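Asks: Got a structure for you, entry_18.json, holding JSON, C-alpha atoms.
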```json
[["chain", "number", "residue", "atom", "x", "y", "z"],
["A", 23, "MET", "CA", 132.77, 218.26, 134.12],
["A", 24, "GLU", "CA", 132.58, 214.47, 134.37],
["A", 25, "ARG", "CA", 129.20, 212.96, 133.60],
["A", 26, "LEU", "CA", 127.52, 211.27, 136.57],
["A", 27, "PHE", "CA", 125.66, 208.69, 134.47],
["A", 28, "PRO", "CA", 127.68, 208.20, 131.24],
["A", 29, "LEU", "CA", 126.23, 204.79, 130.40],
["A", 30, "GLU", "CA", 122.66, 205.91, 130.86],
["A", 31, "GLU", "CA", 123.23, 209.02, 128.74],
["A", 32, "GLU", "CA", 124.88, 207.02, 125.95],
["A", 33, "GLY", "CA", 121.96, 204.61, 126.03],
["A", 34, "PHE", "CA", 119.56, 207.41, 125.16],
["A", 35, "GLU", "CA", 121.73, 208.93, 122.42],
["A", 36, "VAL", "CA", 119.93, 208.98, 119.07],
["A", 37, "LYS", "CA", 121.80, 206.80, 116.56],
["A", 38, "GLY", "CA", 119.41, 207.08, 113.64],
["A", 39, "TYR", "CA", 115.81, 207.54, 112.57],
["A", 40, "VAL", "CA", 113.12, 205.26, 111.29],
["A", 41, "VAL", "CA", 110.79, 206.89, 108.76],
["A", 42, "PRO", "CA", 107.66, 204.80, 108.13],
["A", 43, "TYR", "CA", 105.29, 206.15, 105.51],
["A", 44, "ASP", "CA", 101.96, 205.48, 103.84],
["A", 45, "LEU", "CA", 101.27, 207.28, 100.57],
["A", 46, "PRO", "CA", 97.81, 207.55, 98.97],
["A", 47, "SER", "CA", 97.91, 205.70, 95.65],
["A", 48, "GLU", "CA", 96.18, 205.52, 92.30],
["A", 49, "ASN", "CA", 94.41, 202.32, 93.40],
["A", 50, "ILE", "CA", 91.72, 204.23, 95.26],
["A", 51, "PHE", "CA", 88.26, 202.98, 94.29],
["A", 52, "PHE", "CA", 87.03, 206.02, 92.34],
["A", 53, "LEU", "CA", 90.04, 205.89, 89.99],
["A", 54, "ARG", "CA", 89.55, 202.23, 89.08],
["A", 55, "PRO", "CA", 87.94, 201.20, 85.76],
["A", 56, "ARG", "CA", 84.14, 201.19, 85.77],
["A", 57, "ASP", "CA", 81.52, 199.36, 83.76],
["A", 58, "GLY", "CA", 79.33, 201.47, 81.52],
["A", 59, "GLU", "CA", 81.55, 204.52, 81.28],
["A", 60, "THR", "CA", 82.10, 206.20, 77.93],
["A", 61, "GLU", "CA", 85.41, 206.05, 76.07],
["A", 62, "GLU", "CA", 86.03, 209.69, 76.99],
["A", 63, "GLU", "CA", 85.37, 209.00, 80.69],
["A", 64, "ARG", "CA", 87.61, 205.93, 80.60],
["A", 65, "LYS", "CA", 90.46, 207.84, 78.96],
["A", 66, "LYS", "CA", 90.14, 210.72, 81.42],
["A", 67, "ARG", "CA", 90.20, 208.32, 84.37],
["A", 68, "GLU", "CA", 93.25, 206.51, 82.98],
["A", 69, "ASN", "CA", 95.10, 209.79, 82.52],
["A", 70, "ILE", "CA", 94.35, 210.80, 86.11],
["A", 71, "ARG", "CA", 95.46, 207.38, 87.38],
["A", 72, "ASP", "CA", 98.72, 207.73, 85.45],
["A", 73, "TYR", "CA", 99.21, 211.21, 86.91],
["A", 74, "VAL", "CA", 98.62, 210.04, 90.49],
["A", 75, "ARG", "CA", 100.91, 207.03, 89.94],
["A", 76, "ALA", "CA", 103.71, 209.24, 88.61],
["A", 77, "LYS", "CA", 103.40, 211.57, 91.61],
["A", 78, "ARG", "CA", 103.40, 208.63, 94.04],
["A", 79, "VAL", "CA", 106.56, 207.25, 92.42],
["A", 80, "GLN", "CA", 108.18, 210.68, 92.63],
["A", 81, "ALA", "CA", 107.28, 211.05, 96.32],
["A", 82, "THR", "CA", 108.53, 207.53, 97.04],
["A", 83, "SER", "CA", 111.89, 208.23, 95.39],
["A", 84, "TYR", "CA", 112.36, 211.30, 97.60],
["A", 85, "LEU", "CA", 111.69, 209.25, 100.74],
["A", 86, "HIS", "CA", 113.95, 206.39, 99.66],
["A", 87, "SER", "CA", 116.81, 208.81, 99.01],
["A", 88, "LEU", "CA", 116.90, 209.59, 102.74],
["A", 89, "GLY", "CA", 118.50, 206.29, 103.69],
["A", 90, "VAL", "CA", 118.19, 202.53, 103.31],
["A", 91, "LEU", "CA", 114.92, 200.61, 103.13],
["A", 92, "ALA", "CA", 114.22, 198.33, 106.09],
["A", 93, "THR", "CA", 110.87, 197.24, 104.63],
["A", 94, "ASN", "CA", 108.86, 198.37, 101.61],
["A", 95, "SER", "CA", 107.52, 201.38, 103.51],
["A", 96, "VAL", "CA", 110.09, 201.99, 106.26],
["A", 97, "VAL", "CA", 113.34, 203.88, 105.66],
["A", 98, "LEU", "CA", 116.31, 203.72, 108.04],
["A", 99, "VAL", "CA", 117.96, 207.14, 108.08],
["A", 100, "PRO", "CA", 121.32, 208.19, 109.60],
["A", 101, "THR", "CA", 121.49, 211.14, 112.01],
["A", 102, "SER", "CA", 123.35, 213.24, 109.43],
["A", 103, "LYS", "CA", 120.16, 213.36, 107.34],
["A", 104, "VAL", "CA", 117.84, 214.55, 110.12],
["A", 105, "GLU", "CA", 117.30, 218.00, 108.60],
["A", 106, "LYS", "CA", 116.69, 216.46, 105.19],
["A", 107, "ILE", "CA", 113.89, 214.34, 106.68],
["A", 108, "ASP", "CA", 111.84, 217.43, 107.50],
["A", 109, "GLU", "CA", 112.57, 218.96, 104.09],
["A", 110, "THR", "CA", 111.52, 215.77, 102.32],
["A", 111, "VAL", "CA", 108.32, 215.44, 104.33],
["A", 112, "LYS", "CA", 107.34, 218.98, 103.33],
["A", 113, "ARG", "CA", 108.24, 218.21, 99.72],
["A", 114, "VAL", "CA", 106.06, 215.09, 99.68],
["A", 115, "GLN", "CA", 103.19, 216.90, 101.37],
["A", 116, "LYS", "CA", 103.36, 219.61, 98.72],
["A", 117, "ILE", "CA", 103.19, 216.97, 95.98],
["A", 118, "TYR", "CA", 99.98, 215.57, 97.45],
["A", 119, "GLU", "CA", 98.47, 219.00, 97.98],
["A", 120, "GLU", "CA", 98.91, 219.56, 94.24],
["A", 121, "VAL", "CA", 97.52, 216.09, 93.46],
["A", 122, "ASN", "CA", 94.39, 216.72, 95.52],
["A", 123, "GLN", "CA", 93.91, 220.13, 93.94],
["A", 124, "LYS", "CA", 94.15, 218.64, 90.45],
["A", 125, "LEU", "CA", 91.71, 215.84, 91.30],
["A", 126, "MET", "CA", 89.13, 218.32, 92.56],
["A", 127, "LYS", "CA", 89.64, 220.52, 89.50],
["A", 128, "GLU", "CA", 88.97, 217.48, 87.28],
["A", 129, "GLY", "CA", 85.81, 216.62, 89.20],
["A", 130, "TYR", "CA", 87.14, 213.81, 91.40],
["A", 131, "ASP", "CA", 87.36, 213.40, 95.17],
["A", 132, "LYS", "CA", 90.59, 214.00, 97.07],
["A", 133, "ILE", "CA", 92.77, 210.97, 97.78],
["A", 134, "GLY", "CA", 94.03, 212.39, 101.06],
["A", 135, "MET", "CA", 97.46, 213.28, 102.46],
["A", 136, "PRO", "CA", 100.42, 211.00, 103.17],
["A", 137, "ILE", "CA", 101.27, 209.74, 106.64],
["A", 138, "ILE", "CA", 104.99, 210.07, 107.37],
["A", 139, "LYS", "CA", 106.63, 209.69, 110.79],
["A", 140, "LYS", "CA", 110.13, 210.53, 112.02],
["A", 141, "ILE", "CA", 111.01, 208.22, 114.91],
["A", 142, "PRO", "CA", 114.36, 208.65, 116.70],
["A", 143, "MET", "CA", 116.11, 205.40, 117.58],
["A", 144, "VAL", "CA", 118.78, 204.64, 120.17],
["A", 145, "GLN", "CA", 121.46, 202.00, 119.58],
["A", 146, "THR", "CA", 119.53, 199.06, 121.04],
["A", 147, "GLN", "CA", 116.43, 199.90, 119.00],
["A", 148, "ILE", "CA", 118.18, 200.43, 115.71],
["A", 149, "VAL", "CA", 119.91, 197.03, 115.60],
["A", 150, "SER", "CA", 116.87, 195.07, 114.41],
["A", 151, "PHE", "CA", 116.04, 197.69, 111.77],
["A", 152, "ARG", "CA", 119.65, 197.63, 110.61],
["A", 153, "GLU", "CA", 119.47, 193.87, 110.07],
["A", 154, "LEU", "CA", 116.36, 194.31, 107.92],
["A", 155, "ALA", "CA", 117.96, 197.18, 106.01],
["A", 156, "GLU", "CA", 121.12, 195.19, 105.38],
["A", 157, "ARG", "CA", 119.12, 192.32, 103.88],
["A", 158, "GLN", "CA", 117.11, 194.69, 101.69],
["A", 159, "LEU", "CA", 120.19, 196.59, 100.54],
["A", 160, "LYS", "CA", 122.16, 193.45, 99.63],
["A", 161, "ALA", "CA", 119.24, 192.18, 97.56],
["A", 162, "LYS", "CA", 118.96, 195.56, 95.82],
["A", 163, "LEU", "CA", 122.67, 195.63, 95.03],
["A", 164, "ASP", "CA", 122.61, 192.04, 93.74],
["A", 165, "LYS", "CA", 119.83, 193.03, 91.36],
["A", 166, "LYS", "CA", 121.77, 196.10, 90.24],
["A", 167, "ILE", "CA", 124.88, 193.97, 89.62],
["A", 168, "ASP", "CA", 122.86, 191.69, 87.33],
["A", 169, "GLN", "CA", 121.42, 194.71, 85.49],
["A", 170, "ILE", "CA", 124.84, 196.27, 84.90],
["A", 171, "ALA", "CA", 126.27, 192.90, 83.80],
["A", 172, "ASN", "CA", 123.49, 192.56, 81.22],
["A", 173, "LEU", "CA", 124.05, 196.14, 80.09],
["A", 174, "ILE", "CA", 127.77, 195.51, 79.58],
["A", 175, "SER", "CA", 126.95, 192.51, 77.38],
["A", 176, "LYS", "CA", 124.64, 194.65, 75.22],
["A", 177, "ILE", "CA", 127.21, 197.44, 75.00],
["A", 178, "GLU", "CA", 129.86, 194.97, 73.84],
["A", 179, "GLU", "CA", 127.52, 193.92, 71.03],
["A", 180, "GLY", "CA", 127.44, 197.52, 69.82],
["A", 181, "VAL", "CA", 125.41, 200.62, 70.62],
["A", 182, "GLU", "CA", 124.46, 203.56, 68.42],
["A", 183, "GLU", "CA", 126.08, 206.86, 69.40],
["A", 184, "GLY", "CA", 122.73, 208.44, 70.24],
["A", 185, "LYS", "CA", 121.87, 205.64, 72.64],
["A", 186, "ALA", "CA", 125.43, 205.50, 73.97],
["A", 187, "LYS", "CA", 125.21, 209.12, 75.14],
["A", 188, "LYS", "CA", 122.01, 208.42, 77.09],
["A", 189, "ILE", "CA", 123.43, 205.21, 78.59],
["A", 190, "ARG", "CA", 126.60, 207.03, 79.64],
["A", 191, "TYR", "CA", 124.53, 209.73, 81.35],
["A", 192, "ASN", "CA", 122.42, 207.15, 83.21],
["A", 193, "LEU", "CA", 125.51, 205.23, 84.30],
["A", 194, "ASN", "CA", 127.16, 208.35, 85.73],
["A", 195, "ARG", "CA", 123.95, 209.23, 87.56],
["A", 196, "THR", "CA", 123.67, 205.68, 88.93],
["A", 197, "LYS", "CA", 127.27, 205.79, 90.11],
["A", 198, "LYS", "CA", 126.64, 209.04, 91.99],
["A", 199, "GLU", "CA", 123.49, 207.61, 93.59],
["A", 200, "LEU", "CA", 125.39, 204.49, 94.67],
["A", 201, "GLU", "CA", 128.20, 206.58, 96.18],
["A", 202, "ASN", "CA", 125.64, 208.48, 98.25],
["A", 203, "LEU", "CA", 123.96, 205.23, 99.30],
["A", 204, "GLU", "CA", 127.32, 203.73, 100.29],
["A", 205, "GLU", "CA", 128.03, 206.69, 102.59],
["A", 206, "ILE", "CA", 124.63, 206.24, 104.24],
["A", 207, "ALA", "CA", 125.19, 202.49, 104.66],
["A", 208, "LYS", "CA", 128.59, 203.07, 106.28],
["A", 209, "GLU", "CA", 127.14, 205.62, 108.69],
["A", 210, "LEU", "CA", 124.43, 203.14, 109.69],
["A", 211, "GLY", "CA", 127.00, 200.34, 110.12],
["A", 212, "ILE", "CA", 125.52, 198.21, 107.33],
["A", 213, "GLU", "CA", 127.82, 195.59, 105.76],
["A", 214, "THR", "CA", 127.50, 195.02, 102.01],
["A", 215, "ASP", "CA", 130.28, 192.50, 101.23],
["A", 216, "ASP", "CA", 132.11, 194.82, 98.80],
["A", 217, "GLN", "CA", 129.07, 195.01, 96.50],
["A", 218, "PHE", "CA", 129.50, 198.77, 96.14],
["A", 219, "ALA", "CA", 133.12, 198.36, 95.03],
["A", 220, "LEU", "CA", 132.12, 195.71, 92.49],
["A", 221, "LEU", "CA", 129.35, 197.90, 91.10],
["A", 222, "SER", "CA", 131.68, 200.87, 90.79],
["A", 223, "GLU", "CA", 134.17, 198.77, 88.81],
["A", 224, "MET", "CA", 131.41, 197.42, 86.56],
["A", 225, "ILE", "CA", 130.04, 200.88, 85.86],
["A", 226, "ASP", "CA", 133.53, 202.17, 85.03],
["A", 227, "GLN", "CA", 133.95, 199.21, 82.69],
["A", 228, "ALA", "CA", 130.64, 199.96, 80.99],
["A", 229, "ILE", "CA", 131.51, 203.65, 80.55],
["A", 230, "GLU", "CA", 134.97, 202.76, 79.20],
["A", 231, "THR", "CA", 133.42, 200.32, 76.71],
["A", 232, "LEU", "CA", 130.96, 203.00, 75.59],
["A", 233, "GLY", "CA", 133.88, 205.30, 74.87],
["A", 234, "GLY", "CA", 134.67, 203.28, 71.76],
["A", 235, "ASN", "CA", 131.17, 203.73, 70.30]]
```
So, in terms of structure tokens, how does the structure I just supplied come out?
Replies:
Amino acid sequence: MERLFPLEEEGFEVKGYVVPYDLPSENIFFLRPRDGETEEERKKRENIRDYVRAKRVQATSYLHSLGVLATNSVVLVPTSKVEKIDETVKRVQKIYEEVNQKLMKEGYDKIGMPIIKKIPMVQTQIVSFRELAERQLKAKLDKKIDQIANLISKIEEGVEEGKAKKIRYNLNRTKKELENLEEIAKELGIETDDQFALLSEMIDQAIETLGGN
């Protein structure tokens, strides 16, 4: 059956999701250094801060893996990842439930739960976020290109076999992460000026060079 209002229906079709988030951090006042505390209290507080920081970084990495950053705390996510959004939100919430439980067990206050939203976007809404995401992604890829270039230079100078194995593992993992990110960027219609292809070639070059070590 022919649609009566095809243009109107297409205008309301979801083309992606924006996921803004706010994660409680280790910078909360009661985890900051204090005057007059004993060495034992200071060490305990530092260990808890390090724990909360590590969990925040872990939660952030899960959220960033959903798509492409539009700003430091907003992720642009393609429609193919919609189910993963809900899974990731639950995962992050579980992390902070455990963090709060540990804080209370150690005699501290809770730091609260994260705020994460899943906002559907139609084509006209997503354009501005896509422009921001494209800028962020290009900057990220430029930085990664510089890092791999520096790594290749160090590899060419010579690397011990023990270190070479670890570097090779990290390079293969990075390549896989970049391939996943490239698929997401393509789905969102983000242009990257062949940066992904360049990075792939550079990583292959690095791995090939390591093969001689």
Asks: List as a tab-separated table every residue of stretch 84-132 of chain A that is in contact with stretch 194-205 of chain A, defined as an atom at most 10 Å from one of its atoms (using all atoms listed in the file), together with the nearest atom pair and the distance in Å rounded to one decimal, sorted by chain and then rising number.
Replies:
```
residue	atom	partner	partner_atom	distance
A:Ser87	CA	A:Leu203	CA	8.0
A:Leu88	CA	A:Leu203	CA	9.0
A:Gly89	CA	A:Leu203	CA	7.1
A:Val90	CA	A:Leu203	CA	7.5
A:Pro100	CA	A:Glu205	CA	9.8
```
Asks: Tell me, as a ChimeraX atom specification, which residues lie within 8 Å of A:Leu173, counting all atoms listed in the file; anything in the same chain fewer than 4 positions away does not count.
Replies: /A:169,177,228
Asks: Would you mind reading off the distance between atom CA of A:Val96 and atom CA of A:Val121, one decimal, in Å?
Replies: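 Separating atom CA of A:Val96 from atom CA of A:Val121 is a distance of 22.8 Å.
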Asks: Which is closer to A:Ser95 than all the others in A:Lys166, A:Lys116, A:Glu209, A:Ser83, using only C-alpha atoms?
Replies: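 Checking each of A:Lys166, A:Lys116, A:Glu209, A:Ser83 against A:Ser95, counting only C-alpha atoms, the winner is A:Ser83.
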Asks: A:Asn122, A:Gln145, A:Asn94, A:Thr110: which is nearest A:Leu159, counting only C-alpha atoms?
Replies: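 Comparing A:Asn122, A:Gln145, A:Asn94, A:Thr110 against A:Leu159, the winner is A:Asn94.
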Asks: From the list A:Tyr130, A:Asp164, A:Asn192, A:Gln147, which residue is nearest A:Glu63 when using all atoms listed in the file?
Replies: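 Among the listed residues, A:Tyr130 lies closest to A:Glu63.
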Asks: Which of these, A:Ala171, A:Ala81, A:Ile212, A:Ile189, has the shortest distance to A:Arg113 once you count all atoms listed in the file?
Replies: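 The closest residue to A:Arg113 is A:Ala81.
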Asks: Please compute the atom CA of A:Ile138-atom CA of A:Met126 distance, one decimal, in Å.
Replies: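 That distance, rounded to one decimal, is 23.2 Å.
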Asks: Mind checking which residues fall within 12 Å of A:Arg190, counting all atoms listed in the file, ignoring those fewer than 2 positions away in the same chain, and posting them as a list in words?
Replies: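 Residues meeting the cut-off are Leu173, Ile174, Ile177, Val181, Glu182, Glu183, Gly184, Lys185, Ala186, Lys187, Lys188, Asn192, Leu193, Asn194, Arg195, Thr196, Lys197, Ile225, Asp226, Gln227, Ala228, Ile229, Glu230, Thr231, Leu232, Gly233, Gly234 and Asn235 of chain A.
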Asks: Which is closer to A:Leu210 than all the others in A:Ile70, A:Val104, A:Leu98, A:Ala92, using only C-alpha atoms?
Replies: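 The shortest atom-to-atom distance to A:Leu210 comes from A:Leu98.
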Asks: Figure out the distance between atom CA of A:Lys112 and atom CA of A:Gln80, please, to one decimal in Å.
Replies: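 One can read the atom CA of A:Gln80 to atom CA of A:Lys112 distance as 13.6 Å.
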Asks: For A:Val97, which of A:Lys132, A:Lys127, A:Lys139, A:Arg75 is the closest residue, counting all atoms listed in the file?
Replies: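 Looking only at the distances to A:Val97, the closest residue turns out to be A:Lys139.
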Asks: Within 10 Å of (101.5, 214.6, 96.6), in the coordinates the file gives, what residues turn up when you count only C-alpha atoms, written out as a list in words?
Replies: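 It turns out the residues near that spot are Leu45, Pro46, Ser47, Val74, Ala76, Lys77, Arg78, Val79, Gln80, Ala81, Thr82, Lys112, Arg113, Val114, Gln115, Lys116, Ile117, Tyr118, Glu119, Glu120, Val121, Asn122, Gln123, Ile133, Gly134, Met135 and Pro136 of chain A.
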